[in-house]
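The next block is model-v3.pdb, given as PDB, C-alpha atoms.
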```
ATOM      1  CA  MET A   1      -5.406  -5.445  21.393
ATOM      2  CA  SER A   2      -7.691  -2.557  20.443
ATOM      3  CA  PRO A   3      -9.403  -2.718  17.073
ATOM      4  CA  VAL A   4      -7.729  -1.196  14.040
ATOM      5  CA  THR A   5      -9.139   2.087  12.808
ATOM      6  CA  LEU A   6      -8.470   3.263   9.256
ATOM      7  CA  GLU A   7      -8.162   6.895   8.313
ATOM      8  CA  LYS A   8      -7.488   8.405   4.921
ATOM      9  CA  VAL A   9      -4.177  10.281   4.770
ATOM     10  CA  SER A  10      -4.688  14.026   4.767
ATOM     11  CA  GLU A  11      -2.809  17.159   5.690
ATOM     12  CA  ASN A  12      -3.617  16.439   9.346
ATOM     13  CA  ASN A  13      -1.942  13.019   9.516
ATOM     14  CA  PHE A  14       0.587  13.232   6.696
ATOM     15  CA  ALA A  15       3.544  13.357   9.129
ATOM     16  CA  ASP A  16       2.425   9.984  10.558
ATOM     17  CA  PHE A  17       2.206   8.604   7.032
ATOM     18  CA  LEU A  18       5.768   9.767   6.228
ATOM     19  CA  PHE A  19       7.030   8.176   9.443
ATOM     20  CA  LEU A  20       5.557   4.839   8.331
ATOM     21  CA  VAL A  21       6.897   5.198   4.774
ATOM     22  CA  ARG A  22      10.390   5.703   6.212
ATOM     23  CA  LYS A  23       9.943   2.591   8.354
ATOM     24  CA  LEU A  24       9.034   0.596   5.226
ATOM     25  CA  ALA A  25      12.149   1.922   3.481
ATOM     26  CA  ASP A  26      14.225   0.726   6.456
ATOM     27  CA  TYR A  27      12.573  -2.702   6.331
ATOM     28  CA  GLU A  28      13.201  -3.057   2.588
ATOM     29  CA  HIS A  29      16.761  -1.660   2.831
ATOM     30  CA  LEU A  30      15.865   1.228   0.488
ATOM     31  CA  THR A  31      16.611   4.928   0.577
ATOM     32  CA  PRO A  32      13.609   6.757   2.062
ATOM     33  CA  PRO A  33      12.013   9.666   0.207
ATOM     34  CA  GLY A  34      13.897  12.947   0.340
ATOM     35  CA  LYS A  35      12.362  16.391   0.744
ATOM     36  CA  ALA A  36      11.318  16.749  -2.927
ATOM     37  CA  GLU A  37       9.755  13.273  -2.926
ATOM     38  CA  GLU A  38       7.928  14.007   0.323
ATOM     39  CA  GLU A  39       6.477  17.160  -1.213
ATOM     40  CA  ARG A  40       5.276  15.204  -4.253
ATOM     41  CA  LEU A  41       3.843  12.462  -2.045
ATOM     42  CA  PHE A  42       1.818  15.091  -0.211
ATOM     43  CA  ARG A  43       0.688  16.926  -3.339
ATOM     44  CA  ASP A  44      -0.300  13.729  -5.149
ATOM     45  CA  CYS A  45      -2.166  12.319  -2.149
ATOM     46  CA  VAL A  46      -4.332  15.376  -1.497
ATOM     47  CA  ALA A  47      -4.901  16.309  -5.164
ATOM     48  CA  ASP A  48      -8.408  16.203  -6.607
ATOM     49  CA  PRO A  49      -8.462  13.559  -7.925
ATOM     50  CA  PRO A  50      -5.553  11.996  -6.035
ATOM     51  CA  ARG A  51      -2.841  10.163  -7.966
ATOM     52  CA  TYR A  52      -2.843   7.529  -5.229
ATOM     53  CA  GLU A  53      -4.805   6.855  -2.075
ATOM     54  CA  ALA A  54      -3.276   6.222   1.320
ATOM     55  CA  TYR A  55      -4.832   5.052   4.572
ATOM     56  CA  ILE A  56      -3.258   4.768   8.008
ATOM     57  CA  GLY A  57      -4.153   1.938  10.342
ATOM     58  CA  SER A  58      -4.061   2.918  14.015
ATOM     59  CA  VAL A  59      -4.447   0.999  17.241
ATOM     60  CA  GLY A  60      -5.428   2.988  20.299
ATOM     61  CA  GLY A  61      -4.682   6.207  18.414
ATOM     62  CA  LYS A  62      -1.136   5.096  17.492
ATOM     63  CA  PRO A  63      -0.334   4.852  13.752
ATOM     64  CA  VAL A  64       0.960   1.303  13.235
ATOM     65  CA  GLY A  65       0.588   0.626   9.514
ATOM     66  CA  TYR A  66      -0.543   1.926   6.189
ATOM     67  CA  VAL A  67      -1.708   0.964   2.743
ATOM     68  CA  THR A  68      -1.413   2.814  -0.574
ATOM     69  CA  PHE A  69      -3.102   1.991  -3.848
ATOM     70  CA  TYR A  70      -4.123   3.435  -7.174
ATOM     71  CA  PHE A  71      -6.081   2.236 -10.184
ATOM     72  CA  THR A  72      -4.977   0.875 -13.536
ATOM     73  CA  TYR A  73      -7.191  -0.551 -16.253
ATOM     74  CA  SER A  74      -7.490  -3.993 -17.814
ATOM     75  CA  THR A  75      -8.366  -3.849 -21.495
ATOM     76  CA  PHE A  76      -9.171  -7.586 -21.512
ATOM     77  CA  LEU A  77     -11.574  -7.340 -18.582
ATOM     78  CA  ALA A  78     -12.683  -3.810 -19.535
ATOM     79  CA  LEU A  79     -12.604  -3.015 -15.823
ATOM     80  CA  PRO A  80     -10.353  -1.105 -13.443
ATOM     81  CA  THR A  81      -7.680  -2.865 -11.390
ATOM     82  CA  LEU A  82      -6.834  -1.841  -7.847
ATOM     83  CA  TYR A  83      -3.025  -1.829  -7.728
ATOM     84  CA  LEU A  84      -1.766  -2.281  -4.174
ATOM     85  CA  GLU A  85       1.468  -0.294  -4.020
ATOM     86  CA  ASP A  86       2.380  -0.604  -0.335
ATOM     87  CA  ILE A  87       1.066  -2.405   2.683
ATOM     88  CA  PHE A  88       3.157  -2.092   5.824
ATOM     89  CA  VAL A  89       2.815  -2.755   9.557
ATOM     90  CA  LEU A  90       5.373  -1.790  12.199
ATOM     91  CA  GLU A  91       7.340  -4.825  13.338
ATOM     92  CA  GLU A  92       6.004  -4.851  16.902
ATOM     93  CA  PHE A  93       2.413  -4.983  15.589
ATOM     94  CA  ARG A  94       2.866  -7.738  13.013
ATOM     95  CA  ARG A  95       1.063 -11.055  13.425
ATOM     96  CA  SER A  96      -1.795  -9.307  15.223
ATOM     97  CA  GLY A  97      -4.257  -9.063  12.330
ATOM     98  CA  ILE A  98      -3.508  -5.473  11.302
ATOM     99  CA  GLY A  99      -2.042  -6.420   7.925
ATOM    100  CA  ARG A 100      -5.069  -8.614   7.299
ATOM    101  CA  GLU A 101      -7.383  -5.689   8.075
ATOM    102  CA  LEU A 102      -5.467  -3.412   5.692
ATOM    103  CA  PHE A 103      -5.528  -6.059   2.974
ATOM    104  CA  ARG A 104      -9.229  -6.758   3.457
ATOM    105  CA  PHE A 105      -9.914  -3.038   3.250
ATOM    106  CA  CYS A 106      -8.251  -3.027  -0.184
ATOM    107  CA  ARG A 107     -10.305  -6.037  -1.261
ATOM    108  CA  ALA A 108     -13.477  -4.293  -0.160
ATOM    109  CA  GLU A 109     -12.482  -1.107  -2.011
ATOM    110  CA  ALA A 110     -11.772  -3.107  -5.172
ATOM    111  CA  ARG A 111     -15.193  -4.731  -4.921
ATOM    112  CA  ARG A 112     -16.963  -1.448  -4.069
ATOM    113  CA  ARG A 113     -15.342   0.352  -7.000
ATOM    114  CA  GLY A 114     -16.174  -2.331  -9.529
ATOM    115  CA  CYS A 115     -12.650  -3.607 -10.140
ATOM    116  CA  GLY A 116     -12.052  -6.790 -12.075
ATOM    117  CA  ARG A 117      -8.954  -7.656 -10.072
ATOM    118  CA  MET A 118      -6.388  -6.509  -7.547
ATOM    119  CA  ASP A 119      -2.651  -6.684  -8.290
ATOM    120  CA  TRP A 120       0.527  -6.186  -6.267
ATOM    121  CA  GLN A 121       4.189  -7.197  -6.176
ATOM    122  CA  VAL A 122       6.265  -8.832  -3.459
ATOM    123  CA  LEU A 123      10.036  -8.752  -3.123
ATOM    124  CA  THR A 124      11.391 -12.254  -3.692
ATOM    125  CA  TRP A 125      13.173 -12.313  -0.324
ATOM    126  CA  ASN A 126      10.103 -11.246   1.686
ATOM    127  CA  ASN A 127       8.936 -14.710   2.717
ATOM    128  CA  PRO A 128       6.634 -13.486   5.516
ATOM    129  CA  ALA A 129       4.739 -11.315   2.998
ATOM    130  CA  ILE A 130       4.612 -14.145   0.444
ATOM    131  CA  ARG A 131       3.120 -16.506   3.052
ATOM    132  CA  PHE A 132       0.668 -13.793   4.146
ATOM    133  CA  TYR A 133      -0.593 -13.116   0.623
ATOM    134  CA  GLU A 134      -0.915 -16.799  -0.202
ATOM    135  CA  ARG A 135      -2.936 -17.353   3.003
ATOM    136  CA  GLU A 136      -5.196 -14.493   1.872
ATOM    137  CA  GLY A 137      -5.801 -16.232  -1.466
ATOM    138  CA  GLY A 138      -3.190 -14.429  -3.570
ATOM    139  CA  LYS A 139      -1.790 -16.323  -6.548
ATOM    140  CA  ARG A 140       1.724 -15.893  -7.891
ATOM    141  CA  LEU A 141       1.681 -15.071 -11.602
ATOM    142  CA  ASP A 142       4.057 -16.176 -14.332
ATOM    143  CA  TRP A 143       5.092 -12.657 -15.313
ATOM    144  CA  TYR A 144       8.407 -10.859 -15.133
ATOM    145  CA  VAL A 145       8.380  -7.328 -13.790
ATOM    146  CA  TYR A 146      10.276  -4.789 -15.883
ATOM    147  CA  ARG A 147      10.942  -1.134 -15.248
ATOM    148  CA  LEU A 148      12.302   1.936 -16.939
ATOM    149  CA  ASP A 149      13.647   4.534 -14.553
ATOM    150  CA  ARG A 150      13.046   8.205 -15.189
ATOM    151  CA  ASN A 151      16.429   8.752 -16.813
ATOM    152  CA  ALA A 152      15.553   6.132 -19.473
ATOM    153  CA  PHE A 153      12.464   7.931 -20.813
TER     154      PHE A 153
END
```
Can I see the file as structure tokens?
Amino acid sequence: MSPVTLEKVSENNFADFLFLVRKLADYEHLTPPGKAEEERLFRDCVADPPRYEAYIGSVGGKPVGYVTFYFTYSTFLALPTLYLEDIFVLEEFRRSGIGRELFRFCRAEARRRGCGRMDWQVLTWNNPAIRFYEREGGKRLDWYVYRLDRNAF
């Protein structure tokens, strides 16, 4: 297999990014972004500064995966935290090292940007992802995840 190349999402490759986001929604049995959400995804990705960062992994020029992240802050560490929002690889390219490359890219970015840690969440049913993250050194925390949706603000 050809090596993975990473490219920051921009106006030029945003359609490829949306294609991959929709594929992740299919995989997770979620409703993909609609038109308004797609417009916000674009605006927030290309803003200066961006609200989140997105990178596409390609093999032989074909987009096969992506990663998105943003930064939070730890008051106890007094350092930023790289929060990994999404990491996704098309099914036919899984188990070929692409996910590992995307994950290692995030680790390197966290180190380069002086982060004290890197956080992410995994759906409880996603056993392949859980095994992947644990092989990469990830530790499951004893925290419950809570959320308020927009209509509860």
Open item on the list: Translate the PyMOL selection byres ((chain A and resi 58) around 10) into a concrete residue list for this structure, as a list in words.
Closed with: Ser2, Pro3, Val4, Thr5, Leu6, Glu7, Tyr55, Ile56, Gly57, Val59, Gly60, Gly61, Lys62, Pro63, Val64, Gly65, Tyr66, Val89 and Ile98 of chain A
File of the preceding selection, C-alpha atoms, as an mmCIF file, keeping the file's coordinate frame:
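Here's the written file again-v2.cif:
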```cif
data_model
loop_
_atom_site.group_PDB
_atom_site.id
_atom_site.type_symbol
_atom_site.label_atom_id
_atom_site.label_comp_id
_atom_site.auth_asym_id
_atom_site.auth_seq_id
_atom_site.Cartn_x
_atom_site.Cartn_y
_atom_site.Cartn_z
ATOM 1 C CA SER A 2 -7.691 -2.557 20.443
ATOM 2 C CA PRO A 3 -9.403 -2.718 17.073
ATOM 3 C CA VAL A 4 -7.729 -1.196 14.040
ATOM 4 C CA THR A 5 -9.139 2.087 12.808
ATOM 5 C CA LEU A 6 -8.470 3.263 9.256
ATOM 6 C CA GLU A 7 -8.162 6.895 8.313
ATOM 7 C CA TYR A 55 -4.832 5.052 4.572
ATOM 8 C CA ILE A 56 -3.258 4.768 8.008
ATOM 9 C CA GLY A 57 -4.153 1.938 10.342
ATOM 10 C CA VAL A 59 -4.447 0.999 17.241
ATOM 11 C CA GLY A 60 -5.428 2.988 20.299
ATOM 12 C CA GLY A 61 -4.682 6.207 18.414
ATOM 13 C CA LYS A 62 -1.136 5.096 17.492
ATOM 14 C CA PRO A 63 -0.334 4.852 13.752
ATOM 15 C CA VAL A 64 0.960 1.303 13.235
ATOM 16 C CA GLY A 65 0.588 0.626 9.514
ATOM 17 C CA TYR A 66 -0.543 1.926 6.189
ATOM 18 C CA VAL A 89 2.815 -2.755 9.557
ATOM 19 C CA ILE A 98 -3.508 -5.473 11.302
#
```
Open item on the list: List as number ranges by chain the residues having at least one atom at most 9 Å from position (-3.5, 0.9, 0.9) as given in the file, counting all atoms listed in the file.
Closed with: A: 53-56, 66-70, 84-88, 102-103, 105-106
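Atom CA of Arg131 of chain A is found 22.1 Å from atom CA of Val21 of chain A.
This file, queried with the PyMOL selection byres ((chain A and resi 114) around 12), gives the residues A:Phe71, A:Tyr73, A:Leu77, A:Ala78, A:Leu79, A:Pro80, A:Thr81, A:Leu82, A:Arg107, A:Ala108, A:Glu109, A:Ala110, A:Arg111, A:Arg112, A:Arg113, A:Cys115, A:Gly116, A:Arg117, A:Met118.
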- [ ] Give as number ranges by chain the residues that the PyMOL selection byres ((chain A and resi 42) around 12) matches when applied to the coordinates above.
- [x] A: 9-18, 33, 35-41, 43-47, 50-54
Task: Selection: 12 Å around Thr124 of chain A, all atoms listed in the file, excl. self and same-chain fewer than 2 positions, as a ChimeraX atom specification - done: /A:28,121-122,126-131,140,144-145
- [ ] Name the closest residue to Arg100 of chain A among the candidates A:Trp125, A:Phe132, A:Tyr83, A:Trp120; distances are taken between atoms, counting all atoms listed in the file.
- [x] A:Phe132
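What separates atom CA of Gly137 of chain A from atom CA of Ser74 of chain A is a distance of 20.5 Å.
Atom CA of Asp48 of chain A is positioned 28.1 Å from atom CA of Phe76 of chain A.
Of the listed residues A:Gly97, A:Gly138, A:Asp149, A:Glu92, the one whose atoms come nearest to Lys23 of chain A is A:Glu92, with distances taken using all atoms listed in the file.
Using all atoms listed in the file, the shortest contact distance between Phe19 of chain A and any of A:Pro32, A:Asp142, A:Gly99, A:Pro49 is found at A:Pro32.
Residue nearest Ala25 of chain A within the list A:Leu90, A:Glu136, A:Glu101, A:Thr75: A:Leu90 [criterion: smallest interatomic distance, only C-alpha atoms].
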